[in-house]
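In what follows, a structure is listed as structure tokens, so that the remarks can point back to it.
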Amino acid sequence: MPKRALIIGGSLGGLIAAHLLRGIGWDAVVFERNAEDLPSRGAGLGTHQHLIDILHRCGIAFDDSMGVRVTAVLCLDRDGRIVLREKTERLMSGWARLYRSLREALPEECYRLNHTFTRVEADAHGATAIFADGTRERGDLLIGADGIRSTVRAQFLPDAQPLYAGYIVWRAMLDEREIPENIRAEIFPAYTFCLPQDEQVIGYPVPGRDNDTEAGRRAYNMVWYRPTDAAMLADLLTDKSGRPHELAIPPPLIRPDIIAGIKAAARARIAPQIAELFARSAPFLQPIFDLESSAIAFGAPVQRVALLGDAAFVARPHVGAGVTKAALDAASLADALAAHGDDIAAALARYGREEMRFGRGLVAMAREEGAYIEAAFKPLQERRGAERPRDIHSLVAAHHASRDRLRALAAARG
Ligand SMILES: Cc1cc2nc3c(=O)[nH]c(=O)nc-3n(C[C@H](O)[C@H](O)[C@H](O)COP(=O)(O)OP(=O)(O)OC[C@H]3O[C@@H](n4cnc5c(N)ncnc54)[C@H](O)[C@@H]3O)c2cc1C
């Protein structure tokens with residue numbers, strides 16, 4: 001009988017884990033709380049070579065058609081002048097594109113929607129998942145791939161909470177065909193920075209609706225990091241009916257005055273080309289968090305539970321490696337289980353050693369990248385090291401170096 005993994009969470013981390021475990025001869029079943037296939041949050045996804053290699057291992061024929069290749073990095077000043085242009089090499093894909101490929105390649109019986117996990121009972125012989133409707137499932141191992149608000153993590157590490165970083169990101173996307181031709185020709189094919197004081201705007205092309213990567217049918221993705229104190233955040237998260245939302249607000253509920261305000265701020269603070277595209281889009285906001293777990297493998301008397309992806313560690317998005325990290329976690333877990341055979345506890349011990357170090361390293365690296373935005377409310381003379389305001393040259397140098405730093409972190413695991 002093959003060993004059986006119960007994977008809680010059917011987003012990219014859970015799907016990749018299911019494919020990799022099936023690849024080493026396990027039976028793997030994904031349990032997702034949503035009743036229907038997951039909707040796209042409509043935003044782009046940076047890819048890294050590690051992610052592409054792991055997708056290939058999952059049997060996904062990832063190639064250039066699954067993303068939009070970017071070969072230049074630009075920086076625009078407040079007046080829209082190009083003040084820096086350098087070569088770069090990036091493939092920007094889309095969350096929905098990867099989700100669809102991974103989901104379709106998994107046999108239907110291995111992906112169960114409408115299953116809200118509530119708790120796990122682990123013993124020397126296995127783990128039992130208990131769901132909100134009272135049903136139970138038994139397996140040899142339970143994997144929490146249930147994201148930043150992980151219910152699996154909460155059972156074992158109730159004190160591990162996401163920490164608000166002191167800033168938010170506004171995200172927006174615009175269909176390529178809605179972009180005025182002069183702006184399209186100038187910035188669309190590039191990875192474009194704009195740097196208002198203590199803020200950061202990045203724009204780049206991504207697959208369009210229906211994951212299309214054909215010229216004319218792609219989309220332009222914008223992210224804008226802005227310092228936001230607790231009172232400002234509470235206001236942004238208060239919806240049209242006056243109801244406050246604690247951690248995130250569904251995009252349709254953002255108040256019209258907030259949308260009008262951010263579009264006016266775009267006109268006042270960022271390069272006119274990007275401000276124009278931003279004004280034509282439907283922006284939404286996300287607070288930025290750090291999350292670190294003090295352990296990622298649990299269970300007594302024998303470890304039978306593991307966390308991966310955002311359930312384990314969440315790094316700020318500056319490195320663009322959230323999905324890559326989830327994929328590396330899943331690969332490390334599958335490799336450890338393959339190497340240790342029946343000794344799941346030994347495999348989880350190895351997994352914990354590898355991915356704890358990697359997760360901590362990634363959180364620290366991304367925190368350093370965002371330190372100057374987080375420090376925006378500190379007097380300049382009190383800012384130290386990475387908290388000091390960034391100039392475009394250091395930012396672009398960090399952009400170029402981030403791939404090597406990620407590679408080095410991944411290589412240093414174990
Ligand atoms: C719908 C969706 C769209 C996204 N779109 C983008 C995007 O466009 N760009 C981008 O950069 N990132 C996006 N992300 C985030 C990105 O996928 C993650 O940050 C990263 O891949 C790590 O993923 P993860 O699988 O560890 O966690 P997540 O992607 O957060 O997935 C966690 C999954 O667990 C499920 N879950 C949570 N609690 C339970 C429970 N109790 N029982 C059962 N299931 C549970 C959630 O519904 C979710 O599907 C998206 C995530 C989701 C869920």
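If you're wondering about the labels, chains in the structure tokens are A, B, ... by order shown, residues count from 1 in each chain, ligands from 1 in order shown.
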Practice item. Residues within 7 Å of ligand 1 should be enumerated using only C-alpha atoms and all ligand atoms and returned as an MDAnalysis selection string. Key: chainID A and resid 8:14 31:34 38:45 94:96 115:118 145:151 308:311 322:323 326
List the spatial neighbours of range 365-373 of chain A as a PDB file with N, CA and C atoms, in the first residue's frame - criterion: any atom at most 10 Å away, only C-alpha atoms, same-chain residues fewer than 6 positions off excluded.
```
ATOM      1  N   ALA A 165       3.955  44.936   8.541  1.00  0.00           N
ATOM      2  CA  ALA A 165       5.269  45.536   8.272  1.00  0.00           C
ATOM      3  C   ALA A 165       5.253  47.065   8.289  1.00  0.00           C
ATOM      4  N   GLY A 166       4.063  47.673   8.407  1.00  0.00           N
ATOM      5  CA  GLY A 166       4.007  49.142   8.452  1.00  0.00           C
ATOM      6  C   GLY A 166       3.757  49.754   7.075  1.00  0.00           C
ATOM      7  N   TYR A 167       3.514  48.921   6.069  1.00  0.00           N
ATOM      8  CA  TYR A 167       3.173  49.457   4.748  1.00  0.00           C
ATOM      9  C   TYR A 167       2.269  48.491   4.000  1.00  0.00           C
ATOM     10  N   ILE A 168       1.660  49.045   2.971  1.00  0.00           N
ATOM     11  CA  ILE A 168       0.727  48.247   2.162  1.00  0.00           C
ATOM     12  C   ILE A 168       1.217  48.234   0.717  1.00  0.00           C
ATOM     13  N   GLN A 197       9.568  59.361  -2.769  1.00  0.00           N
ATOM     14  CA  GLN A 197      10.261  59.273  -1.472  1.00  0.00           C
ATOM     15  C   GLN A 197       9.627  58.207  -0.556  1.00  0.00           C
ATOM     16  N   ASP A 198      10.432  57.261  -0.094  1.00  0.00           N
ATOM     17  CA  ASP A 198      10.020  56.198   0.835  1.00  0.00           C
ATOM     18  C   ASP A 198       8.935  55.273   0.280  1.00  0.00           C
ATOM     19  N   GLU A 199       8.735  55.292  -1.016  1.00  0.00           N
ATOM     20  CA  GLU A 199       7.742  54.421  -1.632  1.00  0.00           C
ATOM     21  C   GLU A 199       8.419  53.678  -2.782  1.00  0.00           C
ATOM     22  N   GLN A 200       7.677  52.803  -3.430  1.00  0.00           N
ATOM     23  CA  GLN A 200       8.251  52.080  -4.570  1.00  0.00           C
ATOM     24  C   GLN A 200       7.118  51.649  -5.493  1.00  0.00           C
ATOM     25  N   TYR A 225       4.151  50.191  -3.316  1.00  0.00           N
ATOM     26  CA  TYR A 225       4.323  50.059  -1.867  1.00  0.00           C
ATOM     27  C   TYR A 225       4.263  51.437  -1.224  1.00  0.00           C
ATOM     28  N   ARG A 226       3.424  51.569  -0.163  1.00  0.00           N
ATOM     29  CA  ARG A 226       3.241  52.868   0.500  1.00  0.00           C
ATOM     30  C   ARG A 226       3.233  52.696   2.013  1.00  0.00           C
ATOM     31  N   PRO A 227       4.043  53.490   2.724  1.00  0.00           N
ATOM     32  CA  PRO A 227       3.996  53.448   4.189  1.00  0.00           C
ATOM     33  C   PRO A 227       2.592  53.819   4.668  1.00  0.00           C
ATOM     34  N   THR A 228       2.095  53.092   5.657  1.00  0.00           N
ATOM     35  CA  THR A 228       0.713  53.284   6.108  1.00  0.00           C
ATOM     36  C   THR A 228       0.653  52.921   7.586  1.00  0.00           C
ATOM     37  N   ILE A 288       1.154  44.427   4.046  1.00  0.00           N
ATOM     38  CA  ILE A 288       2.341  43.564   3.945  1.00  0.00           C
ATOM     39  C   ILE A 288       2.661  42.992   5.334  1.00  0.00           C
ATOM     40  N   PHE A 289       2.917  41.699   5.374  1.00  0.00           N
ATOM     41  CA  PHE A 289       3.203  41.023   6.648  1.00  0.00           C
ATOM     42  C   PHE A 289       4.512  40.234   6.560  1.00  0.00           C
ATOM     43  N   ASP A 290       5.108  40.028   7.740  1.00  0.00           N
ATOM     44  CA  ASP A 290       6.177  39.033   7.905  1.00  0.00           C
ATOM     45  C   ASP A 290       5.584  37.922   8.768  1.00  0.00           C
ATOM     46  N   VAL A 314       6.247  33.679   5.722  1.00  0.00           N
ATOM     47  CA  VAL A 314       5.836  34.615   4.671  1.00  0.00           C
ATOM     48  C   VAL A 314       6.868  35.729   4.599  1.00  0.00           C
ATOM     49  N   ALA A 315       7.468  35.844   3.422  1.00  0.00           N
ATOM     50  CA  ALA A 315       8.418  36.939   3.193  1.00  0.00           C
ATOM     51  C   ALA A 315       7.691  38.044   2.438  1.00  0.00           C
ATOM     52  N   ARG A 316       8.077  39.279   2.687  1.00  0.00           N
ATOM     53  CA  ARG A 316       7.476  40.392   1.940  1.00  0.00           C
ATOM     54  C   ARG A 316       7.700  40.157   0.443  1.00  0.00           C
ATOM     55  N   PRO A 317       6.846  40.718  -0.412  1.00  0.00           N
ATOM     56  CA  PRO A 317       6.902  40.310  -1.825  1.00  0.00           C
ATOM     57  C   PRO A 317       8.080  40.846  -2.633  1.00  0.00           C
ATOM     58  N   HIS A 318       9.010  41.599  -2.015  1.00  0.00           N
ATOM     59  CA  HIS A 318      10.054  42.258  -2.821  1.00  0.00           C
ATOM     60  C   HIS A 318      10.920  41.283  -3.608  1.00  0.00           C
ATOM     61  N   VAL A 319      11.098  40.083  -3.089  1.00  0.00           N
ATOM     62  CA  VAL A 319      11.958  39.121  -3.791  1.00  0.00           C
ATOM     63  C   VAL A 319      11.133  38.373  -4.858  1.00  0.00           C
ATOM     64  N   GLY A 320       9.813  38.507  -4.795  1.00  0.00           N
ATOM     65  CA  GLY A 320       8.941  37.852  -5.782  1.00  0.00           C
ATOM     66  C   GLY A 320       9.110  36.347  -5.772  1.00  0.00           C
ATOM     67  N   ALA A 321       9.212  35.762  -4.566  1.00  0.00           N
ATOM     68  CA  ALA A 321       9.558  34.337  -4.509  1.00  0.00           C
ATOM     69  C   ALA A 321       8.597  33.525  -3.649  1.00  0.00           C
ATOM     70  N   GLY A 359      13.533  29.498   5.085  1.00  0.00           N
ATOM     71  CA  GLY A 359      12.431  30.417   5.363  1.00  0.00           C
ATOM     72  C   GLY A 359      12.908  31.653   6.120  1.00  0.00           C
ATOM     73  N   ARG A 383      17.454  56.828  11.124  1.00  0.00           N
ATOM     74  CA  ARG A 383      17.406  55.628  10.274  1.00  0.00           C
ATOM     75  C   ARG A 383      18.799  55.038  10.105  1.00  0.00           C
ATOM     76  N   ARG A 384      18.876  53.724  10.204  1.00  0.00           N
ATOM     77  CA  ARG A 384      20.163  53.024  10.131  1.00  0.00           C
ATOM     78  C   ARG A 384      20.153  52.033   8.972  1.00  0.00           C
ATOM     79  N   GLY A 385      21.338  51.806   8.392  1.00  0.00           N
ATOM     80  CA  GLY A 385      21.521  50.743   7.388  1.00  0.00           C
ATOM     81  C   GLY A 385      20.457  50.764   6.302  1.00  0.00           C
ATOM     82  N   ALA A 386      19.769  49.620   6.137  1.00  0.00           N
ATOM     83  CA  ALA A 386      18.796  49.466   5.048  1.00  0.00           C
ATOM     84  C   ALA A 386      17.578  50.365   5.214  1.00  0.00           C
ATOM     85  N   GLU A 387      17.438  51.004   6.394  1.00  0.00           N
ATOM     86  CA  GLU A 387      16.289  51.905   6.600  1.00  0.00           C
ATOM     87  C   GLU A 387      16.467  53.228   5.860  1.00  0.00           C
ATOM     88  N   ARG A 388      17.704  53.537   5.478  1.00  0.00           N
ATOM     89  CA  ARG A 388      17.936  54.847   4.837  1.00  0.00           C
ATOM     90  C   ARG A 388      17.261  54.884   3.465  1.00  0.00           C
ATOM     91  N   PRO A 389      16.830  56.067   3.009  1.00  0.00           N
ATOM     92  CA  PRO A 389      16.165  56.161   1.704  1.00  0.00           C
ATOM     93  C   PRO A 389      17.025  55.544   0.602  1.00  0.00           C
ATOM     94  N   ARG A 390      16.383  54.880  -0.345  1.00  0.00           N
ATOM     95  CA  ARG A 390      17.107  54.197  -1.422  1.00  0.00           C
ATOM     96  C   ARG A 390      17.182  55.100  -2.641  1.00  0.00           C
ATOM     97  N   LEU A 395      18.666  50.328  -5.796  1.00  0.00           N
ATOM     98  CA  LEU A 395      17.481  49.482  -5.957  1.00  0.00           C
ATOM     99  C   LEU A 395      17.623  48.537  -7.154  1.00  0.00           C
ATOM    100  N   ALA A 398      20.018  45.861  -6.354  1.00  0.00           N
ATOM    101  CA  ALA A 398      19.370  44.820  -5.530  1.00  0.00           C
ATOM    102  C   ALA A 398      18.489  43.936  -6.401  1.00  0.00           C
ATOM    103  N   HIS A 399      17.824  44.542  -7.382  1.00  0.00           N
ATOM    104  CA  HIS A 399      16.976  43.772  -8.310  1.00  0.00           C
ATOM    105  C   HIS A 399      17.836  42.718  -9.036  1.00  0.00           C
ATOM    106  N   SER A 402      19.099  39.951  -6.574  1.00  0.00           N
ATOM    107  CA  SER A 402      18.146  39.148  -5.803  1.00  0.00           C
ATOM    108  C   SER A 402      18.126  37.692  -6.265  1.00  0.00           C
ATOM    109  N   ARG A 405      21.096  35.988  -4.764  1.00  0.00           N
ATOM    110  CA  ARG A 405      20.921  35.813  -3.310  1.00  0.00           C
ATOM    111  C   ARG A 405      19.936  34.676  -3.029  1.00  0.00           C
ATOM    112  N   LEU A 406      18.875  34.612  -3.845  1.00  0.00           N
ATOM    113  CA  LEU A 406      17.896  33.534  -3.662  1.00  0.00           C
ATOM    114  C   LEU A 406      18.549  32.178  -3.954  1.00  0.00           C
ATOM    115  N   LEU A 409      20.744  31.257  -1.066  1.00  0.00           N
ATOM    116  CA  LEU A 409      19.940  30.798   0.090  1.00  0.00           C
ATOM    117  C   LEU A 409      19.454  29.371  -0.129  1.00  0.00           C
TER     118      LEU A 409
END
```
Practice item. Check the DSSP output for the backbone and give back, as a count of residues only, the residues of range 92-272 of chain A in helix (DSSP H, G or I). Key: 57
Review point. Any idea what's packed within 8 Å of Ala28 in chain A, counting only C-alpha atoms, ignoring anything in its chain fewer than 5 positions away? Could you give it as a list of chain:residue names?
Key: A:Arg4, A:Ala5, A:Leu6, A:Ile7, A:Ala18, A:His19, A:Leu21, A:Arg22, A:Cys110
Exercise for review: Extract, using only C-alpha atoms, all DNA, RNA and protein residues at most 12 Å from range 355-357 of chain A, discarding same-chain residues fewer than 6 positions from it, and format them as a ChimeraX atom specification.
Suggested key: /A:292-297,306-309,312-314,325-333,336,348-349,363-364,409-414
Practice item. Would you please extract all strand (DSSP E or B) residues from range 156-390 of chain A, as assigned by DSSP on the backbone, and give them as an MDAnalysis selection string? Key: chainID A and resid 163:175 191:194 200:206 219:227 238 244 284:292 297:298 305:307 313:314
**Study point:** For Ala122 in chain A: contacts at 10 Å, only C-alpha atoms, fewer than 6 positions along chain excluded, given as a list in words
**Key:**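 Within the cut-off, the hits are Thr128, Ala129, Arg138, Gly139, Asp140, Leu141, Leu142, Phe298, Gly299, Ala300, Pro301, Val302, Gln303, Arg304 and Val305 of chain A.
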Check your understanding: By how many Å are CA of Arg97 in chain A and CA of Ala282 in chain A apart?
Key ->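 Between CA of Arg97 in chain A and CA of Ala282 in chain A the gap works out to 20.9 Å.
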Study note, to complete from the structure: CA of Ala17 in chain A to CA of Val30 in chain A measures 9.1 Å
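Put simply, CA of Thr88 in chain A is 28.8 Å away from CA of Ala376 in chain A.
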Exercise for review: Select, from A:His393, A:Ala279, A:Ile130, A:Pro250, the residue with the minimum atom-to-atom distance to Ala264 in chain A, counting only C-alpha atoms.
Suggested key: A:Ala279
**Study point:** Close residues, Ile82 in chain A itself excluded, 12 Å, only C-alpha atoms, min 6 positions apart in chain, as a ChimeraX atom specification
**Key:** /A:73-76,186-187,190,192-194,271-273,392
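When only C-alpha atoms are used to compute distances to Asp342 in chain A, the closest of the residues A:Glu246, A:Asp239, A:Lys3, A:Ile60 turns out to be A:Lys3.
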Exercise for review: For Thr213 in chain A, list every protein, DNA or RNA residue within 10 Å, evaluated using only C-alpha atoms, and leave out those in the same chain fewer than 5 positions away; present the list as JSON, numbers by chain.
Suggested key: {"A": [64, 65, 66, 67, 68, 69, 93, 94, 205, 206, 207, 208, 218, 219]}
Can you spit out the residues from that selection as a JSON list (two decimals), in the first residue's frame, using N, CA, C and O atoms?
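As a result, result_37.json now contains:
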```json
[["chain", "number", "residue", "atom", "x", "y", "z"],
["A", 64, "ASP", "N", 8.33, 29.42, -22.34],
["A", 64, "ASP", "CA", 8.11, 30.86, -22.49],
["A", 64, "ASP", "C", 6.65, 31.22, -22.76],
["A", 64, "ASP", "O", 6.23, 32.34, -22.49],
["A", 65, "SER", "N", 5.86, 30.25, -23.27],
["A", 65, "SER", "CA", 4.46, 30.57, -23.57],
["A", 65, "SER", "C", 3.65, 30.76, -22.30],
["A", 65, "SER", "O", 2.52, 31.22, -22.33],
["A", 66, "MET", "N", 4.24, 30.39, -21.14],
["A", 66, "MET", "CA", 3.49, 30.54, -19.88],
["A", 66, "MET", "C", 3.80, 31.86, -19.18],
["A", 66, "MET", "O", 3.42, 32.06, -18.04],
["A", 67, "GLY", "N", 4.51, 32.72, -19.87],
["A", 67, "GLY", "CA", 4.82, 34.00, -19.25],
["A", 67, "GLY", "C", 5.18, 35.03, -20.31],
["A", 67, "GLY", "O", 5.11, 34.76, -21.51],
["A", 68, "VAL", "N", 5.54, 36.20, -19.84],
["A", 68, "VAL", "CA", 5.96, 37.27, -20.73],
["A", 68, "VAL", "C", 7.41, 37.59, -20.38],
["A", 68, "VAL", "O", 7.72, 37.86, -19.22],
["A", 69, "ARG", "N", 8.27, 37.51, -21.38],
["A", 69, "ARG", "CA", 9.69, 37.73, -21.10],
["A", 69, "ARG", "C", 10.00, 39.23, -21.09],
["A", 69, "ARG", "O", 9.53, 39.98, -21.94],
["A", 93, "SER", "N", 5.00, 35.48, -15.10],
["A", 93, "SER", "CA", 3.86, 34.62, -15.40],
["A", 93, "SER", "C", 2.65, 35.09, -14.60],
["A", 93, "SER", "O", 2.65, 36.21, -14.08],
["A", 94, "GLY", "N", 1.63, 34.27, -14.52],
["A", 94, "GLY", "CA", 0.44, 34.65, -13.78],
["A", 94, "GLY", "C", 0.04, 33.50, -12.86],
["A", 94, "GLY", "O", 0.20, 32.33, -13.21],
["A", 205, "PRO", "N", 4.86, 43.62, -17.65],
["A", 205, "PRO", "CA", 3.83, 42.89, -18.39],
["A", 205, "PRO", "C", 3.63, 41.49, -17.84],
["A", 205, "PRO", "O", 4.59, 40.86, -17.37],
["A", 206, "VAL", "N", 2.40, 41.01, -17.93],
["A", 206, "VAL", "CA", 2.06, 39.65, -17.45],
["A", 206, "VAL", "C", 1.07, 39.04, -18.45],
["A", 206, "VAL", "O", 0.50, 39.76, -19.27],
["A", 207, "PRO", "N", 0.81, 37.73, -18.35],
["A", 207, "PRO", "CA", -0.24, 37.16, -19.20],
["A", 207, "PRO", "C", -1.57, 37.88, -18.94],
["A", 207, "PRO", "O", -1.83, 38.33, -17.82],
["A", 208, "GLY", "N", -2.39, 37.96, -19.97],
["A", 208, "GLY", "CA", -3.66, 38.68, -19.84],
["A", 208, "GLY", "C", -4.79, 37.77, -19.40],
["A", 208, "GLY", "O", -4.56, 36.68, -18.88],
["A", 218, "ARG", "N", -2.03, 40.67, -23.72],
["A", 218, "ARG", "CA", -1.39, 40.53, -22.40],
["A", 218, "ARG", "C", -1.95, 41.62, -21.46],
["A", 218, "ARG", "O", -2.91, 42.30, -21.79],
["A", 219, "ALA", "N", -1.34, 41.76, -20.31],
["A", 219, "ALA", "CA", -1.81, 42.80, -19.37],
["A", 219, "ALA", "C", -0.60, 43.47, -18.74],
["A", 219, "ALA", "O", 0.53, 42.95, -18.84]]
```
